[in-house]
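Trainee: Have a look at the structure that comes next, please.
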Amino acid sequence: DLLSLQTNEHLNGKMRKGFFFGMLVLFLTGSRFLYAQKSADLIRLEIPSAIAPGSYGLASLSDGGLMIFYQGRGLTEQKKRKWYFGLFDTNLRQRWLKEVPLTNKLQLVGHRLHNGKLVFLFKNLDKIKRGPGYYEILIYDLKSQVFTEINGKLPSRTGIVDYKLSGQWLCMALKRPGFISDLLFVNTKSGAIKVAHLNAGGQTDLAGLFVDRQNGHFIVVVNRMNVDSVFHHKIFNFSQDARVFGKIDVINKDHLRYLKTFALAEADGMSMKFFGVYNQVELGKKKSHSYDNYTKPQSAGFFYLNIENGAQRVLRFYDFMQFKNITGTYANSQIQYHRKRKKLRNILSDTSVNAVSLLNLGKSQLYSYQDQYVVAAEA
């Protein structure tokens, strides 16, 4: 079989088969947004391989070229799975192909280029339900061209929601059954680990894991449901070695607006700016003790949160139904119907009047240019 790598000018198939909605919100603070587009040459690369197309991965090494990797079919004598990693220079000339044995039954969580190293994170296959789980970190040093690995165990039926790198530490955000959230810090040099539990006082949902690029600290946003089935949003600041040095409670007086996902815009110590997506909780169901009432598809808008020196300064909401150009996404009659229901909800105290959202947005993406931000989300 042949592995084919090429740039595509248009994405046709999947876009036409499914419903796609893109939304951009421009937050202007005084200057114009500039957008530049550059043309790229089309390059086709074919690599002989004994695996089916689509079962390989690509990782950019910036000026170091390109890494192609895939899982082989064979096992070593130690019952490890053979993985193959191939290095290509910036002209796509192959330099070498190396066999790297890894623990069997792994799935790739992700890979990131960090401080001159390409760091891969793997975990056990989700279908493994019994016994403890496990993770494996594979580190490729761009200068020495040497692979090193670190492995460890995870609690049973644990998922990795996200992970970030800062300094020598890799921080994994873990989700366990029963809406339990933990952080696992792994030193990528020594393999030492530290654990932080985020579940004191109720069920939790991780809303964001970030790195403060100014100071190298980890920032964690947690949505926590208390015994009264009301969500509270909390921001934690961790040092690279898992020490908590800051906790901030987000003050949201409207409990029907659930801050679902966060995107970090700026951070410097205890000063942070976030954008994100919020859900509209259905009235009459807020006290039903069901976590799904908050997290099910019902995105209602974007929000902006500003924290200065550990104190909340601004929490502002941008309701989708107030966007004048949203009528291009739905029939105008639907928009008018839901706008009327929102007005009625503001006037009446009757909890049977629900403000129903038409959108289900995934994790928002944030882009910046000088003193303005663009928030993008897909539904």
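Just remember, in the structure tokens the first chain shown is A, the second B, etc., residues are 1-based per chain, and ligands are 1-based in the order shown.
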Run DSSP on the backbone of this structure and report the residues of segment 202-311 of chain A it assigns to helix (DSSP H, G or I), as a ChimeraX atom specification.

Mentor: /A:292-295

Trainee: Taking the chain letters and numbering used in this document, name the residues of segment 50-209 of chain A that DSSP puts in strand (DSSP E or B), as a short mmCIF file (atom, residue, chain, number, x, y, z; two decimals) with N, CA and C atoms, in the first residue's frame.

Mentor:
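Result went into states-v7.cif, see below:
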```
data_model
loop_
_atom_site.label_atom_id
_atom_site.label_comp_id
_atom_site.auth_asym_id
_atom_site.auth_seq_id
_atom_site.Cartn_x
_atom_site.Cartn_y
_atom_site.Cartn_z
N TYR A 56 -1.83 6.36 9.75
CA TYR A 56 -0.57 6.96 10.11
C TYR A 56 -0.79 8.38 10.60
N GLY A 57 0.21 8.96 11.23
CA GLY A 57 0.11 10.32 11.73
C GLY A 57 1.24 11.19 11.23
N LEU A 58 1.04 12.49 11.28
CA LEU A 58 2.02 13.47 10.85
C LEU A 58 2.28 14.45 11.98
N ALA A 59 3.54 14.85 12.13
CA ALA A 59 3.89 15.86 13.13
C ALA A 59 4.92 16.80 12.52
N SER A 60 4.60 18.09 12.54
CA SER A 60 5.53 19.08 12.02
C SER A 60 6.64 19.34 13.03
N LEU A 66 9.63 17.01 9.04
CA LEU A 66 8.33 16.36 9.25
C LEU A 66 8.56 14.95 9.79
N MET A 67 7.74 14.58 10.78
CA MET A 67 7.79 13.22 11.32
C MET A 67 6.51 12.50 10.91
N ILE A 68 6.68 11.30 10.32
CA ILE A 68 5.55 10.44 9.98
C ILE A 68 5.64 9.21 10.87
N PHE A 69 4.53 8.79 11.45
CA PHE A 69 4.57 7.67 12.38
C PHE A 69 3.32 6.80 12.20
N TYR A 70 3.47 5.54 12.49
CA TYR A 70 2.34 4.61 12.39
C TYR A 70 2.62 3.37 13.22
N GLN A 71 1.54 2.67 13.56
CA GLN A 71 1.62 1.46 14.36
C GLN A 71 1.80 0.25 13.44
N GLY A 72 2.81 -0.57 13.74
CA GLY A 72 3.04 -1.77 12.95
C GLY A 72 2.15 -2.91 13.40
N ARG A 73 2.24 -4.02 12.68
CA ARG A 73 1.40 -5.18 12.98
C ARG A 73 2.08 -6.18 13.92
N GLY A 74 3.39 -6.11 14.03
CA GLY A 74 4.11 -7.12 14.78
C GLY A 74 4.40 -6.73 16.21
N LEU A 75 4.75 -7.76 17.03
CA LEU A 75 5.15 -7.58 18.42
C LEU A 75 6.60 -8.02 18.57
N ARG A 81 4.42 -3.56 21.14
CA ARG A 81 3.97 -3.26 19.78
C ARG A 81 5.05 -2.47 19.04
N LYS A 82 5.28 -2.85 17.79
CA LYS A 82 6.25 -2.13 16.97
C LYS A 82 5.60 -0.89 16.36
N TRP A 83 6.17 0.27 16.65
CA TRP A 83 5.77 1.51 16.01
C TRP A 83 6.93 1.98 15.13
N TYR A 84 6.59 2.71 14.07
CA TYR A 84 7.60 3.18 13.14
C TYR A 84 7.52 4.70 13.01
N PHE A 85 8.70 5.32 13.04
CA PHE A 85 8.79 6.77 12.95
C PHE A 85 9.78 7.11 11.85
N GLY A 86 9.34 7.95 10.90
CA GLY A 86 10.18 8.35 9.79
C GLY A 86 10.41 9.84 9.77
N LEU A 87 11.66 10.25 9.60
CA LEU A 87 12.02 11.66 9.57
C LEU A 87 12.22 12.11 8.12
N PHE A 88 11.59 13.25 7.76
CA PHE A 88 11.73 13.87 6.46
C PHE A 88 12.21 15.30 6.65
N GLN A 94 13.38 11.66 2.73
CA GLN A 94 13.41 10.81 3.91
C GLN A 94 14.84 10.64 4.41
N ARG A 95 15.03 10.88 5.73
CA ARG A 95 16.35 10.74 6.36
C ARG A 95 16.52 9.36 6.98
N TRP A 96 15.52 8.90 7.66
CA TRP A 96 15.59 7.57 8.25
C TRP A 96 14.20 7.08 8.66
N LEU A 97 14.11 5.81 8.95
CA LEU A 97 12.90 5.17 9.47
C LEU A 97 13.32 4.29 10.64
N LYS A 98 12.77 4.58 11.84
CA LYS A 98 13.17 3.85 13.03
C LYS A 98 12.01 3.06 13.61
N GLU A 99 12.34 1.89 14.13
CA GLU A 99 11.36 1.06 14.84
C GLU A 99 11.46 1.35 16.34
N VAL A 100 10.33 1.69 16.94
CA VAL A 100 10.31 2.01 18.38
C VAL A 100 9.26 1.13 19.05
N PRO A 101 9.65 0.19 19.91
CA PRO A 101 8.67 -0.66 20.59
C PRO A 101 8.00 0.09 21.74
N LEU A 102 6.66 0.03 21.76
CA LEU A 102 5.88 0.66 22.82
C LEU A 102 4.94 -0.36 23.43
N LEU A 106 -2.15 0.57 22.70
CA LEU A 106 -2.14 2.00 22.97
C LEU A 106 -2.93 2.75 21.92
N GLN A 107 -3.46 3.91 22.31
CA GLN A 107 -4.04 4.85 21.37
C GLN A 107 -3.39 6.21 21.59
N LEU A 108 -3.22 6.94 20.50
CA LEU A 108 -2.56 8.25 20.58
C LEU A 108 -3.52 9.29 21.11
N VAL A 109 -3.10 10.01 22.16
CA VAL A 109 -3.87 11.13 22.67
C VAL A 109 -3.51 12.40 21.90
N GLY A 110 -2.22 12.60 21.63
CA GLY A 110 -1.79 13.77 20.89
C GLY A 110 -0.28 13.89 20.89
N HIS A 111 0.21 14.88 20.16
CA HIS A 111 1.65 15.15 20.14
C HIS A 111 1.85 16.66 20.04
N ARG A 112 2.91 17.15 20.66
CA ARG A 112 3.19 18.58 20.66
C ARG A 112 4.69 18.83 20.62
N LEU A 113 5.06 19.89 19.92
CA LEU A 113 6.45 20.32 19.84
C LEU A 113 6.71 21.26 21.00
N HIS A 114 7.72 20.94 21.82
CA HIS A 114 7.94 21.70 23.06
C HIS A 114 9.42 21.73 23.39
N LYS A 117 11.76 19.47 21.56
CA LYS A 117 11.40 18.06 21.65
C LYS A 117 9.98 17.85 21.12
N LEU A 118 9.77 16.71 20.47
CA LEU A 118 8.43 16.31 20.03
C LEU A 118 7.92 15.30 21.05
N VAL A 119 6.84 15.66 21.74
CA VAL A 119 6.33 14.85 22.85
C VAL A 119 5.02 14.19 22.43
N PHE A 120 5.00 12.86 22.44
CA PHE A 120 3.81 12.07 22.14
C PHE A 120 3.20 11.58 23.45
N LEU A 121 1.87 11.63 23.54
CA LEU A 121 1.17 11.08 24.70
C LEU A 121 0.23 9.98 24.22
N PHE A 122 0.39 8.78 24.79
CA PHE A 122 -0.47 7.64 24.49
C PHE A 122 -1.18 7.20 25.77
N LYS A 123 -2.31 6.53 25.60
CA LYS A 123 -2.99 5.87 26.72
C LYS A 123 -3.54 4.54 26.26
N ASN A 124 -3.97 3.73 27.22
CA ASN A 124 -4.53 2.42 26.88
C ASN A 124 -5.81 2.57 26.07
N GLY A 133 -5.63 1.43 34.10
CA GLY A 133 -5.21 1.89 32.79
C GLY A 133 -3.73 2.25 32.82
N TYR A 134 -3.23 2.77 31.72
CA TYR A 134 -1.82 3.13 31.67
C TYR A 134 -1.61 4.20 30.60
N TYR A 135 -0.52 4.92 30.75
CA TYR A 135 -0.14 5.94 29.77
C TYR A 135 1.30 5.73 29.38
N GLU A 136 1.69 6.28 28.26
CA GLU A 136 3.08 6.23 27.81
C GLU A 136 3.41 7.56 27.14
N ILE A 137 4.52 8.15 27.56
CA ILE A 137 5.01 9.40 26.98
C ILE A 137 6.28 9.09 26.19
N LEU A 138 6.26 9.41 24.91
CA LEU A 138 7.42 9.19 24.05
C LEU A 138 7.98 10.56 23.66
N ILE A 139 9.27 10.75 23.90
CA ILE A 139 9.90 12.06 23.68
C ILE A 139 11.00 11.90 22.64
N TYR A 140 10.91 12.70 21.59
CA TYR A 140 11.93 12.70 20.54
C TYR A 140 12.70 14.01 20.62
N ASP A 141 14.01 13.92 20.83
CA ASP A 141 14.87 15.09 20.90
C ASP A 141 15.34 15.45 19.49
N VAL A 146 17.18 11.22 19.35
CA VAL A 146 17.03 10.05 20.22
C VAL A 146 15.64 10.04 20.82
N PHE A 147 15.02 8.83 20.91
CA PHE A 147 13.73 8.65 21.55
C PHE A 147 13.92 8.18 22.99
N THR A 148 13.15 8.75 23.92
CA THR A 148 13.07 8.25 25.29
C THR A 148 11.60 8.10 25.65
N GLU A 149 11.32 7.23 26.62
CA GLU A 149 9.93 6.99 26.98
C GLU A 149 9.74 6.93 28.48
N ILE A 150 8.54 7.33 28.89
CA ILE A 150 8.13 7.30 30.29
C ILE A 150 6.74 6.67 30.32
N ASN A 151 6.50 5.74 31.21
CA ASN A 151 5.17 5.14 31.31
C ASN A 151 4.72 5.05 32.75
N GLY A 152 3.42 4.94 32.93
CA GLY A 152 2.84 4.86 34.25
C GLY A 152 1.42 4.35 34.20
N LYS A 153 0.79 4.24 35.35
CA LYS A 153 -0.56 3.69 35.44
C LYS A 153 -1.59 4.80 35.67
N LEU A 154 -2.82 4.49 35.25
CA LEU A 154 -3.97 5.37 35.44
C LEU A 154 -5.05 4.59 36.19
N GLY A 159 -10.33 8.65 31.48
CA GLY A 159 -10.08 9.30 30.20
C GLY A 159 -9.18 10.51 30.38
N ILE A 160 -8.42 10.83 29.34
CA ILE A 160 -7.58 12.03 29.33
C ILE A 160 -8.32 13.10 28.54
N VAL A 161 -8.82 14.12 29.24
CA VAL A 161 -9.61 15.17 28.60
C VAL A 161 -8.72 16.13 27.82
N ASP A 162 -7.57 16.47 28.39
CA ASP A 162 -6.65 17.40 27.75
C ASP A 162 -5.29 17.26 28.42
N TYR A 163 -4.27 17.84 27.82
CA TYR A 163 -2.96 17.86 28.45
C TYR A 163 -2.20 19.07 27.93
N LYS A 164 -1.27 19.55 28.75
CA LYS A 164 -0.43 20.69 28.41
C LYS A 164 0.99 20.45 28.91
N LEU A 165 1.95 21.14 28.29
CA LEU A 165 3.36 21.05 28.65
C LEU A 165 3.88 22.40 29.09
N SER A 166 4.68 22.40 30.15
CA SER A 166 5.34 23.62 30.60
C SER A 166 6.64 23.22 31.29
N TRP A 169 7.50 19.63 32.79
CA TRP A 169 6.32 18.95 33.30
C TRP A 169 5.22 18.85 32.25
N LEU A 170 4.57 17.68 32.24
CA LEU A 170 3.38 17.45 31.44
C LEU A 170 2.20 17.28 32.39
N CYS A 171 1.15 18.06 32.19
CA CYS A 171 -0.05 18.01 33.04
C CYS A 171 -1.19 17.40 32.27
N MET A 172 -1.74 16.30 32.77
CA MET A 172 -2.91 15.64 32.17
C MET A 172 -4.16 15.97 32.98
N ALA A 173 -5.23 16.33 32.30
CA ALA A 173 -6.53 16.49 32.95
C ALA A 173 -7.29 15.19 32.78
N LEU A 174 -7.60 14.54 33.89
CA LEU A 174 -8.22 13.21 33.88
C LEU A 174 -9.69 13.28 34.26
N LYS A 175 -10.50 12.45 33.62
CA LYS A 175 -11.92 12.34 33.95
C LYS A 175 -12.23 10.90 34.31
N ARG A 176 -12.74 10.70 35.53
CA ARG A 176 -13.07 9.36 36.01
C ARG A 176 -14.57 9.21 36.16
N ILE A 180 -15.67 12.74 38.28
CA ILE A 180 -14.52 13.02 39.15
C ILE A 180 -13.38 13.51 38.27
N SER A 181 -12.78 14.63 38.64
CA SER A 181 -11.71 15.23 37.85
C SER A 181 -10.42 15.30 38.66
N ASP A 182 -9.33 14.87 38.04
CA ASP A 182 -8.01 14.92 38.67
C ASP A 182 -7.01 15.51 37.68
N LEU A 183 -5.89 15.95 38.23
CA LEU A 183 -4.75 16.37 37.42
C LEU A 183 -3.58 15.47 37.74
N LEU A 184 -2.90 14.99 36.70
CA LEU A 184 -1.70 14.18 36.87
C LEU A 184 -0.52 14.93 36.26
N PHE A 185 0.47 15.26 37.09
CA PHE A 185 1.66 15.97 36.65
C PHE A 185 2.79 14.96 36.51
N VAL A 186 3.43 14.93 35.33
CA VAL A 186 4.52 13.99 35.08
C VAL A 186 5.76 14.78 34.68
N ASN A 187 6.87 14.55 35.38
CA ASN A 187 8.14 15.16 35.01
C ASN A 187 8.71 14.39 33.83
N ILE A 193 5.89 11.78 39.41
CA ILE A 193 4.49 12.19 39.24
C ILE A 193 3.97 12.85 40.51
N LYS A 194 2.98 13.72 40.30
CA LYS A 194 2.23 14.33 41.40
C LYS A 194 0.77 14.41 40.95
N VAL A 195 -0.15 14.29 41.92
CA VAL A 195 -1.57 14.25 41.63
C VAL A 195 -2.28 15.36 42.38
N ALA A 196 -3.24 16.00 41.71
CA ALA A 196 -4.11 17.00 42.35
C ALA A 196 -5.55 16.60 42.11
N HIS A 197 -6.34 16.54 43.19
CA HIS A 197 -7.76 16.18 43.10
C HIS A 197 -8.59 17.47 43.07
N GLN A 203 -19.70 17.03 42.15
CA GLN A 203 -19.31 16.58 40.82
C GLN A 203 -18.61 17.71 40.06
N THR A 204 -17.67 17.34 39.20
CA THR A 204 -16.92 18.36 38.49
C THR A 204 -16.84 18.05 37.00
N ASP A 205 -16.63 19.09 36.25
CA ASP A 205 -16.45 19.00 34.80
C ASP A 205 -15.32 19.95 34.44
N LEU A 206 -14.26 19.45 33.82
CA LEU A 206 -13.14 20.30 33.45
C LEU A 206 -13.53 21.17 32.26
N ALA A 207 -13.44 22.48 32.43
CA ALA A 207 -13.83 23.41 31.37
C ALA A 207 -12.64 23.97 30.61
N GLY A 208 -11.42 23.78 31.12
CA GLY A 208 -10.26 24.30 30.40
C GLY A 208 -8.96 24.04 31.14
N LEU A 209 -7.92 23.70 30.38
CA LEU A 209 -6.57 23.55 30.91
C LEU A 209 -5.63 24.38 30.03
#
```

Trainee: Kindly indicate which residue among A:Asp254, A:Ser271, A:Leu315, A:Thr103 lies nearest to Lys79 of chain A, using only C-alpha atoms for the distances.

Mentor: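 Among the listed residues, the smallest separation from Lys79 of chain A belongs to A:Thr103.
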
Trainee: Need to verify the contact set: segment 234-239 of chain A, 7 Å, only C-alpha atoms, exclusion of same-chain residues closer than 6 positions in sequence. Can you return it as a VMD selection string?

Mentor: chain A and resid 217 to 223 245 to 250

Trainee: Deliver the residues from the most recent selection as a file, using all heavy atoms, as a JSON list (two decimals), in the first residue's frame.

Mentor:
```json
[["chain", "number", "residue", "atom", "x", "y", "z"],
["A", 217, "HIS", "N", 3.05, 28.79, 34.47],
["A", 217, "HIS", "CA", 2.12, 28.12, 35.37],
["A", 217, "HIS", "C", 0.98, 27.46, 34.59],
["A", 217, "HIS", "O", 0.65, 27.86, 33.46],
["A", 217, "HIS", "CB", 1.53, 29.13, 36.37],
["A", 217, "HIS", "CG", 2.56, 29.82, 37.20],
["A", 217, "HIS", "ND1", 2.44, 31.14, 37.60],
["A", 217, "HIS", "CD2", 3.74, 29.39, 37.70],
["A", 217, "HIS", "CE1", 3.49, 31.48, 38.31],
["A", 217, "HIS", "NE2", 4.30, 30.45, 38.38],
["A", 218, "PHE", "N", 0.37, 26.46, 35.22],
["A", 218, "PHE", "CA", -0.82, 25.82, 34.66],
["A", 218, "PHE", "C", -2.07, 26.51, 35.22],
["A", 218, "PHE", "O", -2.14, 26.81, 36.41],
["A", 218, "PHE", "CB", -0.86, 24.33, 35.01],
["A", 218, "PHE", "CG", 0.22, 23.52, 34.34],
["A", 218, "PHE", "CD1", 1.32, 23.10, 35.07],
["A", 218, "PHE", "CD2", 0.12, 23.17, 33.01],
["A", 218, "PHE", "CE1", 2.33, 22.36, 34.48],
["A", 218, "PHE", "CE2", 1.12, 22.42, 32.40],
["A", 218, "PHE", "CZ", 2.22, 22.02, 33.12],
["A", 219, "ILE", "N", -3.05, 26.73, 34.35],
["A", 219, "ILE", "CA", -4.33, 27.32, 34.74],
["A", 219, "ILE", "C", -5.42, 26.29, 34.44],
["A", 219, "ILE", "O", -5.51, 25.77, 33.33],
["A", 219, "ILE", "CB", -4.61, 28.62, 33.97],
["A", 219, "ILE", "CG1", -3.51, 29.65, 34.26],
["A", 219, "ILE", "CG2", -5.98, 29.19, 34.34],
["A", 219, "ILE", "CD1", -3.59, 30.89, 33.39],
["A", 220, "VAL", "N", -6.24, 26.01, 35.45],
["A", 220, "VAL", "CA", -7.30, 25.00, 35.31],
["A", 220, "VAL", "C", -8.63, 25.63, 35.66],
["A", 220, "VAL", "O", -8.75, 26.28, 36.72],
["A", 220, "VAL", "CB", -7.04, 23.78, 36.23],
["A", 220, "VAL", "CG1", -8.10, 22.71, 35.99],
["A", 220, "VAL", "CG2", -5.65, 23.22, 35.99],
["A", 221, "VAL", "N", -9.62, 25.46, 34.78],
["A", 221, "VAL", "CA", -10.97, 25.96, 35.05],
["A", 221, "VAL", "C", -11.88, 24.76, 35.26],
["A", 221, "VAL", "O", -11.93, 23.85, 34.43],
["A", 221, "VAL", "CB", -11.51, 26.81, 33.89],
["A", 221, "VAL", "CG1", -12.87, 27.39, 34.25],
["A", 221, "VAL", "CG2", -10.53, 27.94, 33.56],
["A", 222, "VAL", "N", -12.59, 24.75, 36.39],
["A", 222, "VAL", "CA", -13.43, 23.62, 36.77],
["A", 222, "VAL", "C", -14.86, 24.11, 37.00],
["A", 222, "VAL", "O", -15.08, 25.14, 37.65],
["A", 222, "VAL", "CB", -12.89, 22.94, 38.04],
["A", 222, "VAL", "CG1", -13.85, 21.85, 38.52],
["A", 222, "VAL", "CG2", -11.52, 22.34, 37.78],
["A", 223, "ASN", "N", -15.81, 23.38, 36.44],
["A", 223, "ASN", "CA", -17.22, 23.61, 36.74],
["A", 223, "ASN", "C", -17.66, 22.56, 37.75],
["A", 223, "ASN", "O", -17.57, 21.36, 37.50],
["A", 223, "ASN", "CB", -18.07, 23.49, 35.47],
["A", 223, "ASN", "CG", -17.73, 24.56, 34.45],
["A", 223, "ASN", "OD1", -17.24, 25.63, 34.82],
["A", 223, "ASN", "ND2", -17.96, 24.31, 33.19],
["A", 245, "PHE", "N", -1.27, 27.77, 44.01],
["A", 245, "PHE", "CA", -0.96, 29.07, 44.60],
["A", 245, "PHE", "C", -2.06, 30.09, 44.36],
["A", 245, "PHE", "O", -1.94, 31.25, 44.80],
["A", 245, "PHE", "CB", 0.37, 29.61, 44.05],
["A", 245, "PHE", "CG", 0.36, 29.96, 42.58],
["A", 245, "PHE", "CD1", -0.02, 31.23, 42.16],
["A", 245, "PHE", "CD2", 0.72, 29.03, 41.63],
["A", 245, "PHE", "CE1", -0.02, 31.56, 40.81],
["A", 245, "PHE", "CE2", 0.72, 29.35, 40.29],
["A", 245, "PHE", "CZ", 0.35, 30.62, 39.88],
["A", 246, "GLY", "N", -3.16, 29.68, 43.71],
["A", 246, "GLY", "CA", -4.26, 30.61, 43.50],
["A", 246, "GLY", "C", -5.57, 29.90, 43.24],
["A", 246, "GLY", "O", -5.61, 28.89, 42.52],
["A", 247, "LYS", "N", -6.64, 30.40, 43.86],
["A", 247, "LYS", "CA", -8.00, 29.89, 43.63],
["A", 247, "LYS", "C", -8.93, 31.09, 43.47],
["A", 247, "LYS", "O", -8.93, 31.99, 44.32],
["A", 247, "LYS", "CB", -8.48, 29.02, 44.78],
["A", 247, "LYS", "CG", -7.68, 27.75, 45.00],
["A", 247, "LYS", "CD", -8.25, 26.95, 46.17],
["A", 247, "LYS", "CE", -7.43, 25.71, 46.45],
["A", 247, "LYS", "NZ", -7.98, 24.94, 47.60],
["A", 248, "ILE", "N", -9.70, 31.10, 42.40],
["A", 248, "ILE", "CA", -10.60, 32.22, 42.13],
["A", 248, "ILE", "C", -12.00, 31.67, 41.85],
["A", 248, "ILE", "O", -12.17, 30.82, 40.98],
["A", 248, "ILE", "CB", -10.12, 33.05, 40.92],
["A", 248, "ILE", "CG1", -8.71, 33.57, 41.16],
["A", 248, "ILE", "CG2", -11.08, 34.20, 40.64],
["A", 248, "ILE", "CD1", -8.08, 34.19, 39.94],
["A", 249, "ASP", "N", -12.99, 32.15, 42.58],
["A", 249, "ASP", "CA", -14.39, 31.79, 42.32],
["A", 249, "ASP", "C", -14.97, 32.76, 41.30],
["A", 249, "ASP", "O", -14.93, 33.99, 41.51],
["A", 249, "ASP", "CB", -15.21, 31.84, 43.60],
["A", 249, "ASP", "CG", -14.86, 30.71, 44.55],
["A", 249, "ASP", "OD1", -14.91, 29.55, 44.12],
["A", 249, "ASP", "OD2", -14.50, 30.99, 45.71],
["A", 250, "VAL", "N", -15.52, 32.23, 40.22],
["A", 250, "VAL", "CA", -16.18, 33.07, 39.21],
["A", 250, "VAL", "C", -17.59, 33.39, 39.70],
["A", 250, "VAL", "O", -18.36, 32.50, 40.04],
["A", 250, "VAL", "CB", -16.24, 32.34, 37.85],
["A", 250, "VAL", "CG1", -16.97, 33.21, 36.82],
["A", 250, "VAL", "CG2", -14.84, 32.00, 37.36]]
```

Trainee: Using only C-alpha atoms, which protein or nucleic acid residues come within 8 Å of Arg213 of chain A? Drop anything in the same chain fewer than 2 positions from it, and give the result as a list in words.

Mentor: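 Returned residues: Val211, Asn215, Gly216, His217, Ala267 and Asp268 of chain A.
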
Trainee: Would you mind exporting all heavy atoms of the selected residues as a PDB file, in the first residue's frame?

Mentor:
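Contents of selection39.pdb, as written:
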```pdb
ATOM      1  N   VAL A 211      -1.814  27.114  29.838  1.00  0.00           N
ATOM      2  CA  VAL A 211      -0.493  27.460  30.363  1.00  0.00           C
ATOM      3  C   VAL A 211      -0.331  28.971  30.307  1.00  0.00           C
ATOM      4  O   VAL A 211      -0.605  29.602  29.278  1.00  0.00           O
ATOM      5  CB  VAL A 211       0.635  26.775  29.556  1.00  0.00           C
ATOM      6  CG1 VAL A 211       2.003  27.282  30.018  1.00  0.00           C
ATOM      7  CG2 VAL A 211       0.549  25.266  29.703  1.00  0.00           C
ATOM      8  N   ASN A 215       4.633  33.053  32.835  1.00  0.00           N
ATOM      9  CA  ASN A 215       5.261  32.509  34.038  1.00  0.00           C
ATOM     10  C   ASN A 215       5.419  30.990  34.014  1.00  0.00           C
ATOM     11  O   ASN A 215       6.051  30.426  34.922  1.00  0.00           O
ATOM     12  CB  ASN A 215       4.436  32.889  35.276  1.00  0.00           C
ATOM     13  CG  ASN A 215       4.249  34.395  35.393  1.00  0.00           C
ATOM     14  OD1 ASN A 215       5.173  35.113  35.721  1.00  0.00           O
ATOM     15  ND2 ASN A 215       3.050  34.883  35.107  1.00  0.00           N
ATOM     16  N   GLY A 216       4.845  30.321  33.032  1.00  0.00           N
ATOM     17  CA  GLY A 216       4.961  28.872  32.945  1.00  0.00           C
ATOM     18  C   GLY A 216       4.023  28.106  33.856  1.00  0.00           C
ATOM     19  O   GLY A 216       4.142  26.888  34.004  1.00  0.00           O
ATOM     20  N   HIS A 217       3.048  28.792  34.469  1.00  0.00           N
ATOM     21  CA  HIS A 217       2.115  28.121  35.371  1.00  0.00           C
ATOM     22  C   HIS A 217       0.981  27.462  34.594  1.00  0.00           C
ATOM     23  O   HIS A 217       0.654  27.858  33.464  1.00  0.00           O
ATOM     24  CB  HIS A 217       1.527  29.129  36.372  1.00  0.00           C
ATOM     25  CG  HIS A 217       2.559  29.819  37.199  1.00  0.00           C
ATOM     26  ND1 HIS A 217       2.437  31.139  37.601  1.00  0.00           N
ATOM     27  CD2 HIS A 217       3.743  29.392  37.699  1.00  0.00           C
ATOM     28  CE1 HIS A 217       3.491  31.482  38.312  1.00  0.00           C
ATOM     29  NE2 HIS A 217       4.302  30.451  38.382  1.00  0.00           N
ATOM     30  N   ALA A 267      -2.865  35.861  30.037  1.00  0.00           N
ATOM     31  CA  ALA A 267      -2.600  35.473  31.423  1.00  0.00           C
ATOM     32  C   ALA A 267      -1.246  36.008  31.864  1.00  0.00           C
ATOM     33  O   ALA A 267      -0.274  35.946  31.104  1.00  0.00           O
ATOM     34  CB  ALA A 267      -2.637  33.959  31.579  1.00  0.00           C
ATOM     35  N   ASP A 268      -1.219  36.522  33.071  1.00  0.00           N
ATOM     36  CA  ASP A 268       0.027  36.961  33.695  1.00  0.00           C
ATOM     37  C   ASP A 268      -0.168  36.858  35.203  1.00  0.00           C
ATOM     38  O   ASP A 268      -0.719  37.769  35.837  1.00  0.00           O
ATOM     39  CB  ASP A 268       0.383  38.381  33.281  1.00  0.00           C
ATOM     40  CG  ASP A 268       1.768  38.803  33.775  1.00  0.00           C
ATOM     41  OD1 ASP A 268       2.420  37.991  34.466  1.00  0.00           O
ATOM     42  OD2 ASP A 268       2.199  39.926  33.460  1.00  0.00           O
TER      43      ASP A 268
END
```

Trainee: In terms of the shortest atom-to-atom distance over only C-alpha atoms, which of A:Gln298, A:Asn306, A:Asn91, A:Asn252 is closest to Phe320 of chain A?

Mentor: A:Gln298

Trainee: Which residues come within 8 Å of Phe231 of chain A, counting only C-alpha atoms, excluding same-chain residues fewer than 3 positions away, as a PyMOL selection string?

Mentor: chain A and resi 223-226+255+258
